[in-house]
Amino acid sequence: MTADTLVPPRTPQGKASIRKKGPNLEKWGWVFMRVSGVLLIVLIFGHLFSNLMVGDGISGLDFAFVAGKLANPLWQWWDVAMLWLAFIHGTNGMRTIVNDYVSNAKVRRILVVALWAVAAFMILLGTLVVFTFDPCIPNLGDGSVLAEVCAAQG
C-alpha cells in the first residue's frame with residue numbers, strides 16, 4: 001500500500017475533511033502538558049533546593065521555617081505557581097486517561113467535570129492558605145521563638 005491509495009475522509013458534500021473547524025483543544029492540552037512539565041521541574045527542584053540544601057537542611061524544617069517562607073511574597077508566588085501548575089497538569093493528565101478508557105460519553109463527561117471541579121476547589125483552598133497564612137496562633141505561650149516574635153509584633 002502506498003500513500004497514493006489512502007483516501008481522506010469525505011464530508012456529506014463530498015469534500016475532503018481532515019478535522020472539525022475551531023480551536024484544536026487537544027493540541028493545546030498537549031502543548032500545555034509539555035510546557036507545564038518543564039516549568040514544574042524548575043519550580044519543584046528550586047523548592048527542594050531552598051528547603052533542603054540551603055541553611056540547616058532538613059533538620060531546619062519546622063513550623064517557623066515554613067512561616068518565614070510564607071511571609072516572603074517571592075515564596076508565596078513560587079508556591080502558588082507550583083500548586084496551580086501541578087493541579088492543572090495532573091487534572092489534564094487524568095482527563096486524558098478518562099477520555100482514553102471511558103467509552104460512555106455521558107459517564108466520561110461527568111468524570112471530566114468532576115475532575116475539574118475538584119481541582120478548582122483544591123486550587124482555591126491552596127491559594128487561600130498560602131496568601132492568608134498567619135503564623136501567630138492565639139494563646140501560643142510556650143516560650144518558643146515564634147511566640148516571642150508574634151508577641152513583639154503585637
# chains A, B, ... in the order shown; residues from 1 in each chain; ligands from 1

call {"tool": "closest_atom_pairs", "arguments": {"of": "stretch 55-154 of chain A", "to": "stretch 27-49 of chain A", "cutoff": "12 Å", "atoms": "only C-alpha atoms", "output": "CSV"}}
result
residue,atom,partner,partner_atom,distance
A:Gly55,CA,A:Phe49,CA,10.1
A:Asp56,CA,A:Phe49,CA,11.8
A:Gly57,CA,A:Phe49,CA,9.1
A:Ile58,CA,A:Leu48,CA,10.0
A:Leu61,CA,A:Leu48,CA,11.5
A:Val66,CA,A:His47,CA,11.9
A:Lys69,CA,A:His47,CA,10.7
A:Leu74,CA,A:His47,CA,11.6
A:Trp75,CA,A:His47,CA,8.9
A:Gln76,CA,A:His47,CA,11.4
A:Trp77,CA,A:Leu43,CA,10.8
A:Trp78,CA,A:Leu43,CA,7.2
A:Asp79,CA,A:His47,CA,8.1
A:Val80,CA,A:Leu43,CA,10.3
A:Ala81,CA,A:Leu43,CA,8.1
A:Met82,CA,A:Leu43,CA,6.1
A:Leu83,CA,A:Leu40,CA,9.4
A:Trp84,CA,A:Leu40,CA,10.0
A:Leu85,CA,A:Ser36,CA,6.3
A:Ala86,CA,A:Leu40,CA,7.0
A:Phe87,CA,A:Ser36,CA,10.5
A:Ile88,CA,A:Ser36,CA,8.8
A:His89,CA,A:Met33,CA,6.1
A:Gly90,CA,A:Met33,CA,9.0
A:Thr91,CA,A:Met33,CA,10.4
A:Asn92,CA,A:Gly29,CA,7.3
A:Gly93,CA,A:Met33,CA,7.9
A:Met94,CA,A:Met33,CA,11.6
A:Arg95,CA,A:Gly29,CA,10.1
A:Thr96,CA,A:Gly29,CA,9.2

call {"tool": "closest_residue", "arguments": {"among": "A:Met122, A:Ala67, A:Ala105, A:Ile110", "to": "A:Asp134", "atoms": "only C-alpha atoms"}}
result
A:Ala67

call {"tool": "atom_distance", "arguments": {"atom1": "atom CA of A:Gly126", "atom2": "atom CA of A:Ile97"}}
result
24.7 Å

call {"tool": "atom_distance", "arguments": {"atom1": "atom CA of A:Ala64", "atom2": "atom CA of A:Cys136"}}
result
10.1 Å

call {"tool": "atom_distance", "arguments": {"atom1": "atom CA of A:Val98", "atom2": "atom CA of A:Trp116"}}
result
12.2 Å

call {"tool": "select_by_dssp", "arguments": {"residues": "stretch 29-139 of chain A", "states": "helix (DSSP H, G or I)", "output": "PyMOL selection string"}}
result
chain A and resi 29-53+57-60+63-70+73-101+105-132
